[in-house]
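What follows is protein.pdb (PDB, C-alpha atoms and all ligand atoms).
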```
ATOM      1  CA  MET A   1      46.194 -13.394 -17.063
ATOM      2  CA  THR A   2      42.748 -13.611 -18.636
ATOM      3  CA  SER A   3      42.219 -11.768 -21.929
ATOM      4  CA  GLY A   4      39.435  -9.188 -22.294
ATOM      5  CA  ILE A   5      37.493 -11.468 -24.665
ATOM      6  CA  GLN A   6      37.517 -14.398 -22.225
ATOM      7  CA  THR A   7      36.392 -12.034 -19.477
ATOM      8  CA  MET A   8      33.385 -10.973 -21.573
ATOM      9  CA  ASN A   9      32.328 -14.617 -21.859
ATOM     10  CA  LYS A  10      32.462 -15.251 -18.129
ATOM     11  CA  ASP A  11      29.329 -15.122 -16.076
ATOM     12  CA  THR A  12      28.847 -12.675 -13.234
ATOM     13  CA  ILE A  13      29.259 -13.854  -9.648
ATOM     14  CA  LEU A  14      28.669 -10.491  -7.945
ATOM     15  CA  LYS A  15      26.633  -7.558  -9.183
ATOM     16  CA  VAL A  16      26.569  -4.277  -7.265
ATOM     17  CA  GLU A  17      23.831  -1.951  -8.523
ATOM     18  CA  HIS A  18      23.311   1.699  -7.609
ATOM     19  CA  LEU A  19      24.946   1.230  -4.209
ATOM     20  CA  SER A  20      24.964   4.225  -1.885
ATOM     21  CA  MET A  21      26.145   4.471   1.716
ATOM     22  CA  ARG A  22      25.633   7.597   3.756
ATOM     23  CA  PHE A  23      27.247   8.321   7.124
ATOM     24  CA  GLY A  24      25.376  11.368   8.475
ATOM     25  CA  GLY A  25      26.239  14.161   6.066
ATOM     26  CA  LEU A  26      28.909  12.158   4.215
ATOM     27  CA  MET A  27      27.999  10.196   1.087
ATOM     28  CA  ALA A  28      30.820   7.605   1.297
ATOM     29  CA  ILE A  29      29.472   5.620  -1.706
ATOM     30  CA  ASN A  30      27.359   7.351  -4.304
ATOM     31  CA  ASP A  31      25.366   5.331  -6.866
ATOM     32  CA  LEU A  32      28.089   2.760  -7.505
ATOM     33  CA  SER A  33      27.572  -0.141  -9.923
ATOM     34  CA  LEU A  34      30.158  -2.813 -10.681
ATOM     35  CA  GLU A  35      30.421  -6.472 -11.628
ATOM     36  CA  VAL A  36      32.784  -9.257 -10.583
ATOM     37  CA  LYS A  37      33.163 -12.076 -13.113
ATOM     38  CA  ARG A  38      33.355 -15.688 -11.946
ATOM     39  CA  GLY A  39      36.921 -16.995 -11.795
ATOM     40  CA  ASP A  40      38.504 -13.528 -12.056
ATOM     41  CA  ILE A  41      40.735 -11.612  -9.699
ATOM     42  CA  THR A  42      39.070  -8.196  -9.512
ATOM     43  CA  ALA A  43      40.855  -5.317  -7.785
ATOM     44  CA  LEU A  44      39.088  -2.365  -6.196
ATOM     45  CA  ILE A  45      41.516   0.536  -6.036
ATOM     46  CA  GLY A  46      41.444   4.268  -5.359
ATOM     47  CA  PRO A  47      43.026   6.943  -3.177
ATOM     48  CA  ASN A  48      42.642   6.906   0.635
ATOM     49  CA  GLY A  49      39.066   7.512   1.714
ATOM     50  CA  ALA A  50      37.642   6.681  -1.752
ATOM     51  CA  GLY A  51      35.169   4.233  -0.186
ATOM     52  CA  LYS A  52      36.776   0.846  -0.932
ATOM     53  CA  THR A  53      36.394  -0.654   2.569
ATOM     54  CA  THR A  54      32.858   0.716   2.777
ATOM     55  CA  VAL A  55      31.987  -1.240  -0.396
ATOM     56  CA  PHE A  56      33.507  -4.372   1.192
ATOM     57  CA  ASN A  57      31.556  -3.764   4.386
ATOM     58  CA  CYS A  58      28.316  -3.508   2.386
ATOM     59  CA  ILE A  59      29.080  -6.688   0.413
ATOM     60  CA  THR A  60      29.965  -8.688   3.526
ATOM     61  CA  GLY A  61      27.067  -7.467   5.675
ATOM     62  CA  PHE A  62      28.980  -5.277   8.137
ATOM     63  CA  TYR A  63      27.008  -2.266   6.884
ATOM     64  CA  LYS A  64      23.465  -2.139   5.564
ATOM     65  CA  PRO A  65      23.601   0.045   2.448
ATOM     66  CA  THR A  66      21.537   3.219   2.383
ATOM     67  CA  MET A  67      20.406   2.240  -1.134
ATOM     68  CA  GLY A  68      21.159  -0.273  -3.832
ATOM     69  CA  MET A  69      21.277  -3.986  -4.536
ATOM     70  CA  ILE A  70      24.113  -6.516  -4.191
ATOM     71  CA  SER A  71      23.380  -9.856  -5.838
ATOM     72  CA  MET A  72      25.565 -12.927  -5.648
ATOM     73  CA  THR A  73      25.037 -15.857  -8.048
ATOM     74  CA  GLN A  74      26.616 -19.157  -7.049
ATOM     75  CA  LYS A  75      27.940 -21.748  -9.535
ATOM     76  CA  SER A  76      24.749 -23.729  -8.960
ATOM     77  CA  GLY A  77      22.725 -20.735 -10.196
ATOM     78  CA  LYS A  78      21.383 -20.007  -6.705
ATOM     79  CA  GLN A  79      21.054 -16.262  -6.111
ATOM     80  CA  TYR A  80      21.292 -14.215  -2.929
ATOM     81  CA  LEU A  81      20.563 -10.553  -2.284
ATOM     82  CA  LEU A  82      23.394  -9.810   0.117
ATOM     83  CA  GLU A  83      21.984  -6.543   1.452
ATOM     84  CA  ARG A  84      19.139  -8.611   2.934
ATOM     85  CA  LEU A  85      21.346 -11.180   4.701
ATOM     86  CA  SER A  86      23.254 -11.007   7.991
ATOM     87  CA  ASP A  87      27.064 -11.158   7.842
ATOM     88  CA  PHE A  88      26.833 -14.699   9.249
ATOM     89  CA  ASP A  89      24.553 -15.897   6.431
ATOM     90  CA  ILE A  90      26.622 -14.081   3.801
ATOM     91  CA  THR A  91      29.483 -16.408   4.763
ATOM     92  CA  LYS A  92      27.445 -19.508   5.498
ATOM     93  CA  GLN A  93      24.800 -19.455   2.760
ATOM     94  CA  ALA A  94      26.028 -17.127   0.017
ATOM     95  CA  LYS A  95      29.613 -18.371   0.488
ATOM     96  CA  VAL A  96      31.410 -15.055   0.606
ATOM     97  CA  ALA A  97      34.505 -14.988   2.860
ATOM     98  CA  ARG A  98      36.628 -11.997   3.775
ATOM     99  CA  THR A  99      39.814 -10.871   5.467
ATOM    100  CA  PHE A 100      40.334  -7.521   7.161
ATOM    101  CA  GLN A 101      42.777  -4.619   6.794
ATOM    102  CA  ASN A 102      43.888  -5.353  10.381
ATOM    103  CA  ILE A 103      44.652  -9.017  10.939
ATOM    104  CA  ARG A 104      41.962 -10.728  13.030
ATOM    105  CA  LEU A 105      43.274 -14.191  13.892
ATOM    106  CA  PHE A 106      42.763 -16.070  17.164
ATOM    107  CA  GLY A 107      46.309 -15.278  18.332
ATOM    108  CA  GLY A 108      46.248 -17.684  21.298
ATOM    109  CA  LEU A 109      45.061 -20.657  19.227
ATOM    110  CA  THR A 110      47.457 -22.640  17.098
ATOM    111  CA  VAL A 111      47.664 -22.189  13.350
ATOM    112  CA  LEU A 112      45.839 -25.506  12.842
ATOM    113  CA  GLU A 113      43.148 -24.596  15.390
ATOM    114  CA  ASN A 114      42.458 -21.351  13.524
ATOM    115  CA  LEU A 115      41.710 -23.393  10.401
ATOM    116  CA  LEU A 116      39.524 -25.880  12.288
ATOM    117  CA  VAL A 117      37.500 -23.153  14.001
ATOM    118  CA  ALA A 118      36.689 -21.775  10.542
ATOM    119  CA  GLN A 119      34.967 -25.083   9.773
ATOM    120  CA  HIS A 120      32.958 -25.143  13.007
ATOM    121  CA  ASN A 121      29.550 -24.638  11.289
ATOM    122  CA  LYS A 122      30.027 -27.650   9.045
ATOM    123  CA  LEU A 123      31.097 -29.804  12.010
ATOM    124  CA  MET A 124      28.190 -28.761  14.213
ATOM    125  CA  LYS A 125      25.747 -29.528  11.393
ATOM    126  CA  ALA A 126      27.261 -33.009  11.056
ATOM    127  CA  SER A 127      26.851 -33.553  14.815
ATOM    128  CA  GLY A 128      23.104 -32.887  14.567
ATOM    129  CA  TYR A 129      23.795 -30.170  17.193
ATOM    130  CA  THR A 130      23.814 -32.769  20.005
ATOM    131  CA  VAL A 131      26.499 -34.053  22.375
ATOM    132  CA  MET A 132      25.603 -37.629  21.391
ATOM    133  CA  GLY A 133      26.211 -36.613  17.795
ATOM    134  CA  LEU A 134      29.625 -35.260  18.703
ATOM    135  CA  LEU A 135      30.529 -38.447  20.561
ATOM    136  CA  GLY A 136      29.145 -41.158  18.388
ATOM    137  CA  MET A 137      27.851 -40.284  14.942
ATOM    138  CA  ALA A 138      29.798 -41.621  11.957
ATOM    139  CA  GLY A 139      28.810 -38.535   9.949
ATOM    140  CA  TYR A 140      30.520 -36.290  12.492
ATOM    141  CA  LYS A 141      33.719 -38.359  12.443
ATOM    142  CA  ARG A 142      33.823 -38.245   8.643
ATOM    143  CA  GLU A 143      33.277 -34.492   8.651
ATOM    144  CA  ALA A 144      35.961 -34.010  11.355
ATOM    145  CA  GLU A 145      38.471 -35.939   9.227
ATOM    146  CA  ALA A 146      37.500 -33.926   6.152
ATOM    147  CA  SER A 147      38.039 -30.696   8.137
ATOM    148  CA  ILE A 148      41.548 -31.776   9.142
ATOM    149  CA  GLU A 149      42.274 -32.716   5.527
ATOM    150  CA  MET A 150      41.033 -29.309   4.341
ATOM    151  CA  ALA A 151      43.195 -27.569   6.981
ATOM    152  CA  ARG A 152      46.230 -29.611   5.941
ATOM    153  CA  PHE A 153      45.618 -28.748   2.253
ATOM    154  CA  TRP A 154      45.595 -25.000   2.969
ATOM    155  CA  LEU A 155      48.540 -25.227   5.388
ATOM    156  CA  GLU A 156      50.582 -26.745   2.577
ATOM    157  CA  LYS A 157      49.292 -24.320  -0.016
ATOM    158  CA  THR A 158      50.197 -21.337   2.193
ATOM    159  CA  ASP A 159      53.529 -22.865   3.212
ATOM    160  CA  LEU A 160      52.562 -22.930   6.904
ATOM    161  CA  ILE A 161      52.544 -26.669   7.527
ATOM    162  CA  ASP A 162      55.723 -26.495   9.660
ATOM    163  CA  ARG A 163      54.063 -23.898  11.924
ATOM    164  CA  ALA A 164      50.774 -25.829  12.359
ATOM    165  CA  ASP A 165      51.187 -26.289  16.132
ATOM    166  CA  ASP A 166      52.513 -22.812  16.917
ATOM    167  CA  PRO A 167      50.255 -20.085  18.320
ATOM    168  CA  ALA A 168      49.021 -17.935  15.404
ATOM    169  CA  GLY A 169      50.103 -14.810  17.298
ATOM    170  CA  ASP A 170      53.754 -15.971  17.203
ATOM    171  CA  LEU A 171      53.925 -16.031  13.389
ATOM    172  CA  PRO A 172      55.709 -13.285  11.465
ATOM    173  CA  TYR A 173      53.378 -10.719   9.909
ATOM    174  CA  GLY A 174      53.517 -12.096   6.358
ATOM    175  CA  ASP A 175      52.693 -15.620   7.611
ATOM    176  CA  GLN A 176      49.727 -14.268   9.582
ATOM    177  CA  ARG A 177      48.388 -12.620   6.420
ATOM    178  CA  ARG A 178      48.612 -15.937   4.546
ATOM    179  CA  LEU A 179      47.002 -17.748   7.487
ATOM    180  CA  GLU A 180      44.047 -15.355   7.311
ATOM    181  CA  ILE A 181      43.606 -16.250   3.643
ATOM    182  CA  ALA A 182      43.906 -19.982   4.449
ATOM    183  CA  ARG A 183      41.284 -19.584   7.177
ATOM    184  CA  ALA A 184      38.912 -17.816   4.786
ATOM    185  CA  MET A 185      39.456 -20.575   2.189
ATOM    186  CA  CYS A 186      38.596 -23.232   4.795
ATOM    187  CA  THR A 187      35.018 -21.895   4.831
ATOM    188  CA  GLY A 188      34.734 -23.035   1.176
ATOM    189  CA  PRO A 189      33.916 -19.639  -0.367
ATOM    190  CA  GLU A 190      32.882 -18.978  -3.965
ATOM    191  CA  LEU A 191      33.902 -15.331  -3.537
ATOM    192  CA  LEU A 192      36.956 -14.347  -1.469
ATOM    193  CA  CYS A 193      37.152 -10.666  -0.456
ATOM    194  CA  LEU A 194      40.591  -9.489   0.680
ATOM    195  CA  ASP A 195      41.124  -6.055   2.242
ATOM    196  CA  GLU A 196      44.701  -4.955   1.512
ATOM    197  CA  PRO A 197      46.337  -8.404   1.649
ATOM    198  CA  ALA A 198      49.769  -7.034   0.657
ATOM    199  CA  ALA A 199      49.872  -4.268   3.302
ATOM    200  CA  GLY A 200      53.109  -4.453   5.293
ATOM    201  CA  LEU A 201      54.608  -7.313   3.287
ATOM    202  CA  ASN A 202      58.228  -7.340   2.132
ATOM    203  CA  PRO A 203      58.932  -8.010  -1.600
ATOM    204  CA  ARG A 204      59.505 -11.751  -1.025
ATOM    205  CA  GLU A 205      56.233 -12.108   0.921
ATOM    206  CA  SER A 206      54.440 -10.003  -1.683
ATOM    207  CA  LEU A 207      55.610 -12.360  -4.438
ATOM    208  CA  ALA A 208      54.431 -15.379  -2.416
ATOM    209  CA  LEU A 209      51.050 -13.668  -1.985
ATOM    210  CA  ASN A 210      50.749 -13.068  -5.747
ATOM    211  CA  ASN A 211      51.430 -16.747  -6.402
ATOM    212  CA  LEU A 212      48.958 -17.833  -3.726
ATOM    213  CA  LEU A 213      46.157 -15.656  -5.122
ATOM    214  CA  LYS A 214      46.789 -16.790  -8.701
ATOM    215  CA  SER A 215      46.723 -20.388  -7.507
ATOM    216  CA  ILE A 216      43.445 -19.816  -5.616
ATOM    217  CA  ARG A 217      41.935 -18.469  -8.849
ATOM    218  CA  ASP A 218      43.409 -21.068 -11.204
ATOM    219  CA  ASP A 219      43.315 -24.223  -9.055
ATOM    220  CA  THR A 220      40.105 -23.751  -7.062
ATOM    221  CA  GLY A 221      38.099 -21.488  -9.405
ATOM    222  CA  THR A 222      37.345 -19.166  -6.469
ATOM    223  CA  SER A 223      36.618 -15.595  -7.556
ATOM    224  CA  VAL A 224      38.694 -12.985  -5.743
ATOM    225  CA  LEU A 225      37.791  -9.359  -5.013
ATOM    226  CA  LEU A 226      40.621  -7.418  -3.439
ATOM    227  CA  ILE A 227      41.313  -3.931  -2.201
ATOM    228  CA  GLU A 228      44.960  -3.129  -2.693
ATOM    229  CA  HIS A 229      47.235  -0.084  -2.651
ATOM    230  CA  ASP A 230      50.292  -1.982  -3.906
ATOM    231  CA  MET A 231      50.111  -1.399  -7.662
ATOM    232  CA  SER A 232      52.729  -4.071  -8.391
ATOM    233  CA  VAL A 233      50.324  -6.631  -6.922
ATOM    234  CA  VAL A 234      47.260  -5.146  -8.655
ATOM    235  CA  MET A 235      48.862  -4.939 -12.105
ATOM    236  CA  GLU A 236      50.508  -8.367 -11.840
ATOM    237  CA  ILE A 237      47.556 -10.505 -10.777
ATOM    238  CA  SER A 238      44.283  -8.745 -11.627
ATOM    239  CA  ASP A 239      42.061  -9.626 -14.555
ATOM    240  CA  HIS A 240      39.835  -6.625 -13.919
ATOM    241  CA  VAL A 241      40.289  -3.361 -12.039
ATOM    242  CA  VAL A 242      37.628  -0.951 -10.739
ATOM    243  CA  VAL A 243      38.771   2.498  -9.616
ATOM    244  CA  LEU A 244      36.886   4.587  -7.055
ATOM    245  CA  GLU A 245      37.259   8.217  -6.137
ATOM    246  CA  TYR A 246      35.020  10.021  -3.630
ATOM    247  CA  GLY A 247      32.637   7.056  -3.572
ATOM    248  CA  GLN A 248      32.113   6.952  -7.334
ATOM    249  CA  LYS A 249      33.510   4.767 -10.074
ATOM    250  CA  ILE A 250      35.920   6.658 -12.298
ATOM    251  CA  SER A 251      37.354   3.760 -14.330
ATOM    252  CA  ASP A 252      36.662   0.070 -14.974
ATOM    253  CA  GLY A 253      38.522  -2.379 -17.221
ATOM    254  CA  THR A 254      41.733  -4.330 -17.688
ATOM    255  CA  PRO A 255      44.835  -3.302 -15.688
ATOM    256  CA  ASP A 256      46.310  -1.743 -18.859
ATOM    257  CA  HIS A 257      43.144   0.227 -19.520
ATOM    258  CA  VAL A 258      42.928   1.771 -16.042
ATOM    259  CA  LYS A 259      46.677   2.373 -15.816
ATOM    260  CA  ASN A 260      46.475   4.639 -18.861
ATOM    261  CA  ASP A 261      43.138   6.262 -18.020
ATOM    262  CA  PRO A 262      43.694  10.028 -17.519
ATOM    263  CA  LYS A 263      40.950  10.103 -14.849
ATOM    264  CA  VAL A 264      42.881   7.513 -12.791
ATOM    265  CA  ILE A 265      46.179   9.325 -13.228
ATOM    266  CA  ALA A 266      44.491  12.554 -12.149
ATOM    267  CA  ALA A 267      42.966  10.886  -9.061
ATOM    268  CA  TYR A 268      46.302   9.471  -7.948
ATOM    269  CA  LEU A 269      48.255  12.636  -8.644
ATOM    270  CA  GLY A 270      45.526  14.697  -6.966
ATOM    271  CA  VAL A 271      44.900  17.055  -9.905
ATOM    272  CA  GLU A 272      41.893  17.954 -12.074
ATOM    273  CA  ASP A 273      41.335  15.891 -15.272
ATOM    274  CA  ASP A 274      42.209  18.785 -17.595
ATOM    275  CA  GLU A 275      45.542  19.330 -15.817
ATOM    276  CA  VAL A 276      46.718  15.733 -16.245
ATOM    277  CA  GLU A 277      48.502  16.243 -19.552
ATOM    278  CA  ASP A 278      50.468  19.205 -18.109
ATOM    279  CA  VAL A 279      51.438  17.323 -14.951
ATOM    280  CA  ILE A 280      52.568  14.248 -16.887
ATOM    281  CA  SER A 281      54.742  16.291 -19.237
ATOM    282  CA  GLU A 282      56.197  18.188 -16.248
ATOM    283  CA  GLU A 283      57.004  14.832 -14.556
ATOM    284  CA  LEU A 284      58.614  13.555 -17.751
ATOM    285  CA  ASP A 285      60.660  16.740 -18.164
ATOM    286  CA  GLY A 286      61.800  16.403 -14.560
ATOM    287  CA  SER A 287      62.880  12.803 -14.987
ATOM    288  CA  VAL A 288      64.827  13.610 -18.187
ATOM    289  CA  GLN A 289      66.882  16.356 -16.530
TER     290      GLN A 289
HETATM  291  N1  LIG B   1      31.533   3.917  10.076
HETATM  292  C1  LIG B   1      31.787   5.093   9.512
HETATM  293  N2  LIG B   1      31.258   6.220   9.997
HETATM  294  C2  LIG B   1      31.508   7.420   9.430
HETATM  295  N3  LIG B   1      32.266   7.594   8.325
HETATM  296  C3  LIG B   1      32.812   6.502   7.793
HETATM  297  C4  LIG B   1      32.619   5.194   8.346
HETATM  298  N4  LIG B   1      33.301   4.287   7.575
HETATM  299  C5  LIG B   1      33.899   4.993   6.607
HETATM  300  N5  LIG B   1      33.606   6.318   6.733
HETATM  301  C6  LIG B   1      34.052   7.402   5.849
HETATM  302  O1  LIG B   1      33.732   7.001   4.524
HETATM  303  C7  LIG B   1      34.760   7.424   3.622
HETATM  304  C8  LIG B   1      35.286   6.192   2.894
HETATM  305  O2  LIG B   1      36.041   5.406   3.809
HETATM  306  P1  LIG B   1      36.648   4.003   3.447
HETATM  307  O3  LIG B   1      37.319   3.463   4.660
HETATM  308  O4  LIG B   1      35.603   3.167   2.813
HETATM  309  O5  LIG B   1      37.718   4.405   2.330
HETATM  310  P2  LIG B   1      38.894   3.533   1.717
HETATM  311  O6  LIG B   1      38.881   3.808   0.256
HETATM  312  O7  LIG B   1      38.774   2.140   2.146
HETATM  313  O8  LIG B   1      40.157   4.221   2.386
HETATM  314  P3  LIG B   1      41.606   3.593   2.758
HETATM  315  O9  LIG B   1      42.287   3.293   1.461
HETATM  316  O10 LIG B   1      42.261   4.726   3.503
HETATM  317  O11 LIG B   1      41.366   2.384   3.623
HETATM  318  C9  LIG B   1      35.827   8.122   4.453
HETATM  319  O12 LIG B   1      35.591   9.509   4.392
HETATM  320  C10 LIG B   1      35.573   7.579   5.853
HETATM  321  O13 LIG B   1      35.974   8.507   6.832
END
```

The structure given in the file should be rewritten as structure tokens.
Amino acid sequence: MTSGIQTMNKDTILKVEHLSMRFGGLMAINDLSLEVKRGDITALIGPNGAGKTTVFNCITGFYKPTMGMISMTQKSGKQYLLERLSDFDITKQAKVARTFQNIRLFGGLTVLENLLVAQHNKLMKASGYTVMGLLGMAGYKREAEASIEMARFWLEKTDLIDRADDPAGDLPYGDQRRLEIARAMCTGPELLCLDEPAAGLNPRESLALNNLLKSIRDDTGTSVLLIEHDMSVVMEISDHVVVLEYGQKISDGTPDHVKNDPKVIAAYLGVEDDEVEDVISEELDGSVQ
């Protein structure tokens, strides 16, 4: 895991500034600022309804924020203001990919086809957007081979190579979750946003997911932003954790820092800050008896 000092030296890939999102009378996100460092796994955590998915939806263009700025800086130095782009361009130009809380694969297509469809934009560009291009151009053939190679790489990495020709909908749940991540990686993202990737996984699948995410960070340099309720996953793989409650940030730092932050303990136990000490000692007394 990355030390705090190394993290300070990293540059910022995503900067969320004064983000607010209102749904009618409900302020789901209220003046939220946070940063994601390049090459880190950053976890966004918080109790149910804290606003985590809403933040994801603002970053990935599914919602237009009521206020605030979301800037993404690519490795090349190119910058994008995500709140001004469509969801399509956030993936295509800014290179932000995401998965959803509820799996959204093409269940009737094979595992391999799901990974090839993800690379459709690149292939169409290589064809010059013409049928003749599809049929004859050398550039298209090269790109098609590269797409298959990319799909094969991620099938191996996610341990799905033996299921390549099976319909995605036939895979067990844990395999489908990994396929979603493979599909997102096939778009060549610089930032990968994962909404509850460990939800519904058994301990063996959860361990495989941890290893996959660490390998995505370490071997490809892709930055990862994840929402996760499973604290064993968050504490094991994150370099940086941001905690939300009622649409506001209540803690931000290393996993150790947030784990011991009284505000976070209070949020998870559902008590006021000044009652935390009492509740913790009561819990300890209870566990000793
Ligand atoms: N499209 C919407 N319209 C109205 N209210 C919404 C909408 N999306 C989210 N909300 C509300 O915004 C608040 C934050 O919801 P959100 O789904 O972002 O929380 P969350 O932290 O992701 O929760 P969970 O952990 O349960 O997924 C909730 O009160 C939710 O009901």

Name the residues that the PyMOL selection byres (((chain A and resi 193) around 12) and not hetatm) picks from the file above, as a JSON list (two decimals) with C-alpha atoms, in the coordinates of the input, using the file's chain letters and numbers.
```
[["chain", "number", "residue", "atom", "x", "y", "z"],
["A", 14, "LEU", "CA", 28.67, -10.49, -7.94],
["A", 36, "VAL", "CA", 32.78, -9.26, -10.58],
["A", 41, "ILE", "CA", 40.74, -11.61, -9.70],
["A", 42, "THR", "CA", 39.07, -8.20, -9.51],
["A", 43, "ALA", "CA", 40.85, -5.32, -7.78],
["A", 44, "LEU", "CA", 39.09, -2.37, -6.20],
["A", 52, "LYS", "CA", 36.78, 0.85, -0.93],
["A", 53, "THR", "CA", 36.39, -0.65, 2.57],
["A", 55, "VAL", "CA", 31.99, -1.24, -0.40],
["A", 56, "PHE", "CA", 33.51, -4.37, 1.19],
["A", 57, "ASN", "CA", 31.56, -3.76, 4.39],
["A", 58, "CYS", "CA", 28.32, -3.51, 2.39],
["A", 59, "ILE", "CA", 29.08, -6.69, 0.41],
["A", 60, "THR", "CA", 29.96, -8.69, 3.53],
["A", 90, "ILE", "CA", 26.62, -14.08, 3.80],
["A", 91, "THR", "CA", 29.48, -16.41, 4.76],
["A", 95, "LYS", "CA", 29.61, -18.37, 0.49],
["A", 96, "VAL", "CA", 31.41, -15.06, 0.61],
["A", 97, "ALA", "CA", 34.51, -14.99, 2.86],
["A", 98, "ARG", "CA", 36.63, -12.00, 3.78],
["A", 99, "THR", "CA", 39.81, -10.87, 5.47],
["A", 100, "PHE", "CA", 40.33, -7.52, 7.16],
["A", 101, "GLN", "CA", 42.78, -4.62, 6.79],
["A", 180, "GLU", "CA", 44.05, -15.36, 7.31],
["A", 181, "ILE", "CA", 43.61, -16.25, 3.64],
["A", 184, "ALA", "CA", 38.91, -17.82, 4.79],
["A", 185, "MET", "CA", 39.46, -20.58, 2.19],
["A", 189, "PRO", "CA", 33.92, -19.64, -0.37],
["A", 190, "GLU", "CA", 32.88, -18.98, -3.96],
["A", 191, "LEU", "CA", 33.90, -15.33, -3.54],
["A", 192, "LEU", "CA", 36.96, -14.35, -1.47],
["A", 194, "LEU", "CA", 40.59, -9.49, 0.68],
["A", 195, "ASP", "CA", 41.12, -6.06, 2.24],
["A", 196, "GLU", "CA", 44.70, -4.96, 1.51],
["A", 197, "PRO", "CA", 46.34, -8.40, 1.65],
["A", 213, "LEU", "CA", 46.16, -15.66, -5.12],
["A", 222, "THR", "CA", 37.34, -19.17, -6.47],
["A", 223, "SER", "CA", 36.62, -15.60, -7.56],
["A", 224, "VAL", "CA", 38.69, -12.98, -5.74],
["A", 225, "LEU", "CA", 37.79, -9.36, -5.01],
["A", 226, "LEU", "CA", 40.62, -7.42, -3.44],
["A", 227, "ILE", "CA", 41.31, -3.93, -2.20],
["A", 228, "GLU", "CA", 44.96, -3.13, -2.69]]
```

Taking the file as I've supplied it (selection: the PyMOL selection byres (((not hetatm)) within 12 of (chain B and resi 1))), which residues are included? Please answer as a JSON list (two decimals) with C-alpha atoms, in the frame of the given file.
```
[["chain", "number", "residue", "atom", "x", "y", "z"],
["A", 20, "SER", "CA", 24.96, 4.22, -1.88],
["A", 21, "MET", "CA", 26.14, 4.47, 1.72],
["A", 22, "ARG", "CA", 25.63, 7.60, 3.76],
["A", 23, "PHE", "CA", 27.25, 8.32, 7.12],
["A", 24, "GLY", "CA", 25.38, 11.37, 8.48],
["A", 25, "GLY", "CA", 26.24, 14.16, 6.07],
["A", 26, "LEU", "CA", 28.91, 12.16, 4.22],
["A", 27, "MET", "CA", 28.00, 10.20, 1.09],
["A", 28, "ALA", "CA", 30.82, 7.60, 1.30],
["A", 29, "ILE", "CA", 29.47, 5.62, -1.71],
["A", 30, "ASN", "CA", 27.36, 7.35, -4.30],
["A", 44, "LEU", "CA", 39.09, -2.37, -6.20],
["A", 45, "ILE", "CA", 41.52, 0.54, -6.04],
["A", 46, "GLY", "CA", 41.44, 4.27, -5.36],
["A", 47, "PRO", "CA", 43.03, 6.94, -3.18],
["A", 48, "ASN", "CA", 42.64, 6.91, 0.64],
["A", 49, "GLY", "CA", 39.07, 7.51, 1.71],
["A", 50, "ALA", "CA", 37.64, 6.68, -1.75],
["A", 51, "GLY", "CA", 35.17, 4.23, -0.19],
["A", 52, "LYS", "CA", 36.78, 0.85, -0.93],
["A", 53, "THR", "CA", 36.39, -0.65, 2.57],
["A", 54, "THR", "CA", 32.86, 0.72, 2.78],
["A", 55, "VAL", "CA", 31.99, -1.24, -0.40],
["A", 56, "PHE", "CA", 33.51, -4.37, 1.19],
["A", 57, "ASN", "CA", 31.56, -3.76, 4.39],
["A", 58, "CYS", "CA", 28.32, -3.51, 2.39],
["A", 62, "PHE", "CA", 28.98, -5.28, 8.14],
["A", 63, "TYR", "CA", 27.01, -2.27, 6.88],
["A", 64, "LYS", "CA", 23.46, -2.14, 5.56],
["A", 65, "PRO", "CA", 23.60, 0.04, 2.45],
["A", 100, "PHE", "CA", 40.33, -7.52, 7.16],
["A", 101, "GLN", "CA", 42.78, -4.62, 6.79],
["A", 102, "ASN", "CA", 43.89, -5.35, 10.38],
["A", 194, "LEU", "CA", 40.59, -9.49, 0.68],
["A", 195, "ASP", "CA", 41.12, -6.06, 2.24],
["A", 196, "GLU", "CA", 44.70, -4.96, 1.51],
["A", 199, "ALA", "CA", 49.87, -4.27, 3.30],
["A", 226, "LEU", "CA", 40.62, -7.42, -3.44],
["A", 227, "ILE", "CA", 41.31, -3.93, -2.20],
["A", 228, "GLU", "CA", 44.96, -3.13, -2.69],
["A", 229, "HIS", "CA", 47.24, -0.08, -2.65],
["A", 230, "ASP", "CA", 50.29, -1.98, -3.91],
["A", 243, "VAL", "CA", 38.77, 2.50, -9.62],
["A", 244, "LEU", "CA", 36.89, 4.59, -7.06],
["A", 245, "GLU", "CA", 37.26, 8.22, -6.14],
["A", 246, "TYR", "CA", 35.02, 10.02, -3.63],
["A", 247, "GLY", "CA", 32.64, 7.06, -3.57],
["A", 248, "GLN", "CA", 32.11, 6.95, -7.33],
["A", 249, "LYS", "CA", 33.51, 4.77, -10.07],
["A", 268, "TYR", "CA", 46.30, 9.47, -7.95]]
```

As AutoDock Vina command-line options, what would the box around stretch 81-93 of chain A look like: edges along x, y and z, 3 Å added on every side, centre and edge lengths in Å to one decimal?
```
--center_x 24.3 --center_y -13.0 --center_z 3.5 --size_x 16.3 --size_y 19.0 --size_z 17.5
```

(request) Starting from the displayed file, determine the output of the PyMOL selection byres (((chain A and resi 200) around 8) and not hetatm) and express the residue list as number ranges by chain. (result) A: 173-174, 198-199, 201-202

(request) May I ask which of the residues A:Ala267, A:Ala164, A:Leu155, A:Leu171 is the closest one to A:Leu212, counting only C-alpha atoms? (result)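 Of all the options, A:Leu155 lies closest to A:Leu212.
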
(request) Rounded to one decimal place, report the atom CA of A:Gly253-atom CA of A:Ser238 distance in Å. (result)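 According to the coordinates, atom CA of A:Gly253 and atom CA of A:Ser238 are separated by 10.2 Å.
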
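When atom CA of A:Val264 is paired with atom CA of A:Lys37, their separation reads 21.9 Å.
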
(request) Quick one: pull the distance between atom CA of A:Gln79 and atom CA of A:Ile13, Å, one decimal. (result)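 If I compute the distance from atom CA of A:Gln79 to atom CA of A:Ile13, I get 9.3 Å.
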